[in-house]
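Peer 1: Here you go, this is final_9.cif (mmCIF, C-alpha atoms).
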```cif
data_run
loop_
_atom_site.label_atom_id
_atom_site.label_comp_id
_atom_site.auth_asym_id
_atom_site.auth_seq_id
_atom_site.Cartn_x
_atom_site.Cartn_y
_atom_site.Cartn_z
CA SER I 1 118.58 122.38 103.71
CA GLN I 2 115.20 121.20 102.53
CA GLN I 3 111.93 122.98 103.05
CA GLY I 4 110.53 122.34 106.53
CA GLU I 5 113.63 121.11 108.31
CA GLU I 6 113.39 120.42 112.03
CA ASP I 7 116.01 120.98 114.66
CA PRO I 8 117.18 119.22 116.75
CA GLN I 9 116.97 115.78 115.17
CA ALA I 10 116.55 114.21 118.60
CA LEU I 11 115.66 115.58 122.02
CA SER I 12 115.55 113.74 125.34
CA ILE I 13 114.04 115.37 128.43
CA GLN I 14 112.53 114.47 131.79
CA GLU I 15 108.83 114.44 132.43
CA GLY I 16 107.62 117.87 133.51
CA GLU I 17 110.24 119.76 131.53
CA ASN I 18 109.47 121.87 128.48
CA ALA I 19 110.45 120.78 125.00
CA THR I 20 111.24 123.18 122.18
CA MET I 21 111.59 122.14 118.57
CA ASN I 22 112.45 124.40 115.68
CA CYS I 23 111.63 124.35 112.01
CA SER I 24 113.24 126.31 109.21
CA TYR I 25 112.01 126.64 105.68
CA LYS I 26 113.18 128.28 102.47
CA THR I 27 110.34 129.66 100.39
CA SER I 28 107.26 131.75 101.08
CA ILE I 29 104.41 129.89 102.70
CA ASN I 30 100.69 130.26 103.25
CA ASN I 31 100.68 128.32 106.47
CA LEU I 32 102.78 125.99 108.58
CA GLN I 33 101.51 122.93 110.36
CA TRP I 34 102.93 120.72 113.09
CA TYR I 35 102.21 117.01 113.25
CA ARG I 36 103.04 114.25 115.69
CA GLN I 37 103.82 110.68 114.71
CA ASN I 38 104.04 107.89 117.22
CA SER I 39 106.32 105.04 116.27
CA GLY I 40 104.86 103.05 113.41
CA ARG I 41 101.66 105.08 113.32
CA GLY I 42 100.07 107.76 111.20
CA LEU I 43 100.37 111.48 111.69
CA VAL I 44 98.23 113.44 114.08
CA HIS I 45 97.60 117.08 113.28
CA LEU I 46 98.57 119.34 116.17
CA ILE I 47 98.27 122.92 115.07
CA LEU I 48 98.20 125.17 112.00
CA ILE I 49 99.55 128.69 111.99
CA ARG I 50 98.89 131.03 109.10
CA SER I 51 101.56 133.24 107.59
CA ASN I 52 99.95 136.37 109.03
CA GLU I 53 99.96 134.96 112.56
CA ARG I 54 102.90 135.17 114.94
CA GLU I 55 101.85 132.91 117.78
CA LYS I 56 99.23 130.32 118.49
CA HIS I 57 98.31 128.22 121.52
CA SER I 58 96.55 124.92 121.89
CA GLY I 59 96.53 123.34 125.33
CA ARG I 60 100.15 122.68 126.29
CA LEU I 61 101.35 123.59 122.80
CA ARG I 62 102.65 126.95 121.76
CA VAL I 63 103.71 127.65 118.19
CA THR I 64 105.50 130.73 116.95
CA LEU I 65 106.15 131.79 113.40
CA ASP I 66 108.74 134.30 112.20
CA THR I 67 108.29 134.79 108.48
CA SER I 68 111.24 137.20 108.29
CA LYS I 69 113.54 134.43 109.51
CA LYS I 70 111.52 131.67 107.82
CA SER I 71 111.33 129.74 111.05
CA SER I 72 108.84 128.31 113.50
CA SER I 73 109.07 126.78 116.92
CA LEU I 74 106.91 124.31 118.77
CA LEU I 75 106.95 124.43 122.55
CA ILE I 76 105.43 121.63 124.60
CA THR I 77 105.09 122.63 128.23
CA ALA I 78 105.01 120.28 131.21
CA SER I 79 105.89 117.31 129.03
CA ARG I 80 104.56 113.81 129.70
CA ALA I 81 105.86 110.39 128.77
CA ALA I 82 102.95 110.13 126.33
CA ASP I 83 104.42 113.06 124.38
CA THR I 84 107.21 110.75 123.22
CA ALA I 85 106.95 110.79 119.43
CA SER I 86 108.42 112.30 116.30
CA TYR I 87 107.32 115.84 115.53
CA PHE I 88 107.20 117.19 112.01
CA CYS I 89 106.59 120.62 110.62
CA ALA I 90 104.97 120.86 107.23
CA THR I 91 104.82 123.84 104.94
CA ASP I 92 102.84 124.37 101.81
CA ASP I 93 104.32 125.89 98.70
CA GLY I 94 101.50 128.35 98.20
CA SER I 95 99.25 125.73 96.74
CA ASN I 96 97.39 125.26 100.04
CA TYR I 97 97.58 121.51 99.57
CA LYS I 98 101.07 120.26 98.75
CA LEU I 99 102.74 119.83 102.11
CA THR I 100 106.49 119.48 102.44
CA PHE I 101 107.70 117.73 105.56
CA GLY I 102 111.07 117.75 107.24
CA LYS I 103 112.74 114.70 108.71
CA GLY I 104 111.29 115.41 112.12
CA THR I 105 112.48 115.74 115.69
CA LEU I 106 112.38 112.59 117.78
CA LEU I 107 111.28 113.62 121.26
CA THR I 108 111.77 111.22 124.14
CA VAL I 109 110.22 112.13 127.47
CA ASN I 110 111.62 110.02 130.29
CA PRO I 111 109.33 109.27 133.23
CA ASN O 1 83.10 110.49 112.68
CA ALA O 2 85.55 107.83 111.61
CA GLY O 3 88.97 109.04 110.61
CA VAL O 4 90.82 108.35 107.40
CA MET O 5 90.96 104.62 106.83
CA GLN O 6 93.64 102.81 104.95
CA ASN O 7 93.97 99.17 104.10
CA PRO O 8 95.80 96.99 104.22
CA ARG O 9 97.97 98.21 107.08
CA HIS O 10 100.80 95.96 106.03
CA LEU O 11 101.43 94.58 102.58
CA VAL O 12 104.18 92.27 101.44
CA ARG O 13 104.84 91.83 97.76
CA ARG O 14 107.54 90.09 95.78
CA ARG O 15 109.43 91.99 93.15
CA GLY O 16 107.39 92.29 89.98
CA GLN O 17 104.00 91.97 91.63
CA GLU O 18 101.37 94.67 91.87
CA ALA O 19 100.48 96.56 95.03
CA ARG O 20 97.07 98.17 95.59
CA LEU O 21 96.64 100.52 98.51
CA ARG O 22 93.21 101.81 99.51
CA CYS O 23 92.15 104.95 101.27
CA SER O 24 88.72 106.01 102.46
CA PRO O 25 88.64 109.71 103.38
CA MET O 26 86.86 111.15 106.36
CA LYS O 27 83.13 111.62 105.93
CA GLY O 28 82.44 114.87 104.14
CA HIS O 29 85.97 115.16 102.77
CA SER O 30 86.29 115.33 99.01
CA HIS O 31 90.04 115.85 98.70
CA VAL O 32 92.56 113.05 98.99
CA TYR O 33 96.34 113.21 99.09
CA TRP O 34 98.93 110.45 99.00
CA TYR O 35 102.37 110.74 100.60
CA ARG O 36 105.29 108.35 100.83
CA GLN O 37 107.62 108.06 103.79
CA LEU O 38 110.95 106.31 103.43
CA PRO O 39 112.74 105.12 106.57
CA GLU O 40 114.15 107.98 108.66
CA GLU O 41 112.64 110.50 106.26
CA GLY O 42 109.75 112.94 106.27
CA LEU O 43 106.70 112.45 104.13
CA LYS O 44 106.93 113.28 100.44
CA PHE O 45 103.89 114.45 98.48
CA MET O 46 102.85 112.17 95.64
CA VAL O 47 99.42 113.11 94.33
CA TYR O 48 96.30 115.16 95.05
CA LEU O 49 92.91 113.95 93.88
CA GLN O 50 89.33 115.01 94.00
CA LYS O 51 86.45 112.75 93.01
CA GLU O 52 87.19 111.43 89.49
CA ASN O 53 89.95 114.00 88.98
CA ILE O 54 93.71 114.06 89.42
CA ILE O 55 94.56 117.62 90.41
CA ASP O 56 98.31 117.36 90.91
CA GLU O 57 100.47 114.29 90.36
CA SER O 58 103.79 116.09 90.33
CA GLY O 59 105.19 113.87 93.08
CA MET O 60 104.36 110.58 91.41
CA PRO O 61 107.12 108.56 89.76
CA LYS O 62 106.62 108.68 86.01
CA GLU O 63 106.29 104.95 85.59
CA ARG O 64 104.52 102.12 87.42
CA PHE O 65 102.57 104.39 89.80
CA SER O 66 98.98 105.49 89.31
CA ALA O 67 96.20 106.81 91.51
CA GLU O 68 92.47 107.20 91.22
CA PHE O 69 89.57 108.45 93.30
CA PRO O 70 86.39 107.16 91.68
CA LYS O 71 82.93 108.56 92.16
CA GLU O 72 82.10 105.64 94.40
CA GLY O 73 84.52 103.83 96.65
CA PRO O 74 87.94 104.49 98.08
CA SER O 75 90.93 106.11 96.50
CA ILE O 76 93.43 103.60 95.14
CA LEU O 77 97.19 103.95 94.81
CA ARG O 78 98.47 101.32 92.45
CA ILE O 79 102.10 100.30 92.04
CA GLN O 80 102.84 97.94 89.20
CA GLN O 81 105.89 95.68 89.02
CA VAL O 82 107.11 96.65 92.45
CA VAL O 83 110.82 96.92 93.19
CA ARG O 84 112.65 96.90 96.53
CA GLY O 85 112.96 100.68 96.43
CA ASP O 86 109.17 100.95 96.66
CA SER O 87 109.31 99.63 100.22
CA ALA O 88 108.00 102.48 102.35
CA ALA O 89 105.03 103.68 104.35
CA TYR O 90 102.32 105.18 102.19
CA PHE O 91 100.01 107.64 103.88
CA CYS O 92 96.72 108.98 102.68
CA ALA O 93 95.26 112.24 103.93
CA SER O 94 91.97 113.98 103.31
CA SER O 95 90.58 117.45 103.73
CA PRO O 96 87.17 119.08 103.45
CA PRO O 97 86.07 120.99 100.34
CA ARG O 98 87.86 124.28 99.75
CA GLY O 99 86.11 127.28 101.17
CA VAL O 100 85.20 125.51 104.37
CA GLY O 101 88.06 127.42 105.94
CA SER O 102 90.52 124.74 106.89
CA TYR O 103 93.59 123.56 105.05
CA GLU O 104 94.37 120.92 107.60
CA GLN O 105 95.01 117.47 106.24
CA TYR O 106 93.93 114.49 108.29
CA PHE O 107 96.11 111.44 107.90
CA GLY O 108 95.33 107.77 107.93
CA PRO O 109 97.43 105.18 109.75
CA GLY O 110 99.38 104.31 106.63
CA THR O 111 100.13 101.17 104.66
CA ARG O 112 103.56 99.71 105.15
CA LEU O 113 104.68 98.10 101.93
CA THR O 114 107.54 95.64 101.99
CA VAL O 115 108.92 94.35 98.74
CA THR O 116 110.93 91.14 99.05
#
```
Spit out the file's structure as structure tokens when you get a sec.

Peer 2:
Amino acid sequence: SQQGEEDPQALSIQEGENATMNCSYKTSINNLQWYRQNSGRGLVHLILIRSNEREKHSGRLRVTLDTSKKSSSLLITASRAADTASYFCATDDGSNYKLTFGKGTLLTVNP
Amino acid sequence: NAGVMQNPRHLVRRRGQEARLRCSPMKGHSHVYWYRQLPEEGLKFMVYLQKENIIDESGMPKERFSAEFPKEGPSILRIQQVVRGDSAAYFCASSPPRGVGSYEQYFGPGTRLTVT
């Protein structure tokens, strides 16, 4: 699998439910970032977690990082229809600038 | 503070023509990155520039593609003699100078290039 690969590829839930997306990567990283992309739009930065951090919160978002398993998860609590988007994790290769993105998880939140 | 601006948002070119994509970074940002996104794919790094310098172009195709970030004006991604396989969304991102503490990249809305 490529660096920064998200799982599942698609997720459909009801409004109010929680959504969990996972990301796996292969090589050592300095940090891992999560982005959201609405259909046909640019990417919106959600959260950055450094390699020495294990968990981070931002509003309804919770990100975890397990460097021993080379994996991260993004939890969106109390989802809303407006959360419908593709979610990407991005890792850097140690350069602190060259981000590698996965193919993303398409989240659909049904009202 | 305006975000990263890209223009045009949509660009249609016939095979063999040239495509010029522009990116104006966020105010105060001196680092610019270009990424390409093919349909159903994640973004792929192309090039990293600072003012008047190409820092890393390891993701750029060897031929027909070039990028610049002049002292004045926007960053330009130039694709000469476009082919159908160049059809993609091209995203520009910017970040503040190193040492400011953040490695977050802020993305523009992208330019969707269609080659007919």

Peer 1: So that I can see what lies close to range 13-20 of chain O, please list as a list of chain:residue names the residues with an atom at most 9 Å from it, counting all atoms listed in the file and leaving out residues fewer than 5 positions away in the same chain.

Peer 2: O:Pro8, O:Ile76, O:Leu77, O:Arg78, O:Ile79, O:Gln80, O:Gln81, O:Val82, O:Val83, O:Arg84, O:Leu113, O:Thr114, O:Val115, O:Thr116

Peer 1: Taking into account only C-alpha atoms, which residue in the set O:Met5, O:Leu43, O:Val32, O:Leu38 is nearest to Phe88 in chain I?

Peer 2: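 Closest candidate: O:Leu43.
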
Peer 1: Under the rule that only C-alpha atoms are counted, which of I:Arg50, I:Lys70, I:His45, I:Arg80 is the nearest residue to chain O?

Peer 2: I:His45

Peer 1: Using all atoms listed in the file, which of the listed residues (I:Leu75, I:Val44, I:Leu65, I:Val109) sits closest to chain O?

Peer 2: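 Answer, going by the shortest atom-to-atom distance: I:Val44.
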
Peer 1: Taking all atoms listed in the file into account, what are the residues of chain I at most 12 Å from chain O, put as a PyMOL selection string?

Peer 2: chain I and resi 2-6+9-10+30-50+86-106

Peer 1: Would you mind exporting C-alpha atoms of the selected residues as a PDB file, keeping the file's coordinate frame?

Peer 2:
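And here is the file that came out, out-v1.pdb:
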```
ATOM      1  CA  GLN I   2     115.200 121.200 102.530  1.00  0.00           C
ATOM      2  CA  GLN I   3     111.930 122.980 103.050  1.00  0.00           C
ATOM      3  CA  GLY I   4     110.530 122.340 106.530  1.00  0.00           C
ATOM      4  CA  GLU I   5     113.630 121.110 108.310  1.00  0.00           C
ATOM      5  CA  GLU I   6     113.390 120.420 112.030  1.00  0.00           C
ATOM      6  CA  GLN I   9     116.970 115.780 115.170  1.00  0.00           C
ATOM      7  CA  ALA I  10     116.550 114.210 118.600  1.00  0.00           C
ATOM      8  CA  ASN I  30     100.690 130.260 103.250  1.00  0.00           C
ATOM      9  CA  ASN I  31     100.680 128.320 106.470  1.00  0.00           C
ATOM     10  CA  LEU I  32     102.780 125.990 108.580  1.00  0.00           C
ATOM     11  CA  GLN I  33     101.510 122.930 110.360  1.00  0.00           C
ATOM     12  CA  TRP I  34     102.930 120.720 113.090  1.00  0.00           C
ATOM     13  CA  TYR I  35     102.210 117.010 113.250  1.00  0.00           C
ATOM     14  CA  ARG I  36     103.040 114.250 115.690  1.00  0.00           C
ATOM     15  CA  GLN I  37     103.820 110.680 114.710  1.00  0.00           C
ATOM     16  CA  ASN I  38     104.040 107.890 117.220  1.00  0.00           C
ATOM     17  CA  SER I  39     106.320 105.040 116.270  1.00  0.00           C
ATOM     18  CA  GLY I  40     104.860 103.050 113.410  1.00  0.00           C
ATOM     19  CA  ARG I  41     101.660 105.080 113.320  1.00  0.00           C
ATOM     20  CA  GLY I  42     100.070 107.760 111.200  1.00  0.00           C
ATOM     21  CA  LEU I  43     100.370 111.480 111.690  1.00  0.00           C
ATOM     22  CA  VAL I  44      98.230 113.440 114.080  1.00  0.00           C
ATOM     23  CA  HIS I  45      97.600 117.080 113.280  1.00  0.00           C
ATOM     24  CA  LEU I  46      98.570 119.340 116.170  1.00  0.00           C
ATOM     25  CA  ILE I  47      98.270 122.920 115.070  1.00  0.00           C
ATOM     26  CA  LEU I  48      98.200 125.170 112.000  1.00  0.00           C
ATOM     27  CA  ILE I  49      99.550 128.690 111.990  1.00  0.00           C
ATOM     28  CA  ARG I  50      98.890 131.030 109.100  1.00  0.00           C
ATOM     29  CA  SER I  86     108.420 112.300 116.300  1.00  0.00           C
ATOM     30  CA  TYR I  87     107.320 115.840 115.530  1.00  0.00           C
ATOM     31  CA  PHE I  88     107.200 117.190 112.010  1.00  0.00           C
ATOM     32  CA  CYS I  89     106.590 120.620 110.620  1.00  0.00           C
ATOM     33  CA  ALA I  90     104.970 120.860 107.230  1.00  0.00           C
ATOM     34  CA  THR I  91     104.820 123.840 104.940  1.00  0.00           C
ATOM     35  CA  ASP I  92     102.840 124.370 101.810  1.00  0.00           C
ATOM     36  CA  ASP I  93     104.320 125.890  98.700  1.00  0.00           C
ATOM     37  CA  GLY I  94     101.500 128.350  98.200  1.00  0.00           C
ATOM     38  CA  SER I  95      99.250 125.730  96.740  1.00  0.00           C
ATOM     39  CA  ASN I  96      97.390 125.260 100.040  1.00  0.00           C
ATOM     40  CA  TYR I  97      97.580 121.510  99.570  1.00  0.00           C
ATOM     41  CA  LYS I  98     101.070 120.260  98.750  1.00  0.00           C
ATOM     42  CA  LEU I  99     102.740 119.830 102.110  1.00  0.00           C
ATOM     43  CA  THR I 100     106.490 119.480 102.440  1.00  0.00           C
ATOM     44  CA  PHE I 101     107.700 117.730 105.560  1.00  0.00           C
ATOM     45  CA  GLY I 102     111.070 117.750 107.240  1.00  0.00           C
ATOM     46  CA  LYS I 103     112.740 114.700 108.710  1.00  0.00           C
ATOM     47  CA  GLY I 104     111.290 115.410 112.120  1.00  0.00           C
ATOM     48  CA  THR I 105     112.480 115.740 115.690  1.00  0.00           C
ATOM     49  CA  LEU I 106     112.380 112.590 117.780  1.00  0.00           C
TER      50      LEU I 106
END
```

Peer 1: Pull out every residue that the PyMOL selection byres ((chain I and resi 110) around 7) matches in the shown coordinates and put them as number ranges by chain.

Peer 2: I: 13-15, 81, 108-109, 111

Peer 1: Enumerate, as a list in words, the residues matched when the PyMOL selection byres ((chain I and resi 61) around 8) is run on the file above.

Peer 2: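 Applying the PyMOL selection byres ((chain I and resi 61) around 8) to the structure shown produces His57, Ser58, Gly59, Arg60, Arg62, Val63, Leu74, Leu75, Ile76 and Thr77 of chain I.
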
Peer 1: Report the distance between CA of Glu52 in chain O and CA of Val4 in chain O in Å, rounded to one decimal place.

Peer 2: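 Atom-to-atom, CA of Glu52 in chain O to CA of Val4 in chain O, that is 18.5 Å.
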
Peer 1: Starting from the point (84.4, 111.1, 110.5), work out which residues of protein, DNA or RNA have an atom no more than 6 Å away when counting all atoms listed in the file; state them as a PyMOL selection string.

Peer 2: chain O and resi 1-3+26-27

Peer 1: So the first atom is CA of Lys26 in chain I and the second is CA of Ser72 in chain I; what is the distance between them in Å, to one decimal place?

Peer 2: 11.9 Å

Peer 1: How many Å separate CA of Gly73 in chain O from CA of Ser24 in chain O?

Peer 2: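 A separation of 7.5 Å between them.
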
Peer 1: Which residues match the PyMOL selection byres ((chain O and resi 68) around 9) in the file above, as a PyMOL selection string?

Peer 2: chain O and resi 49-54+66-67+69-70+74-78
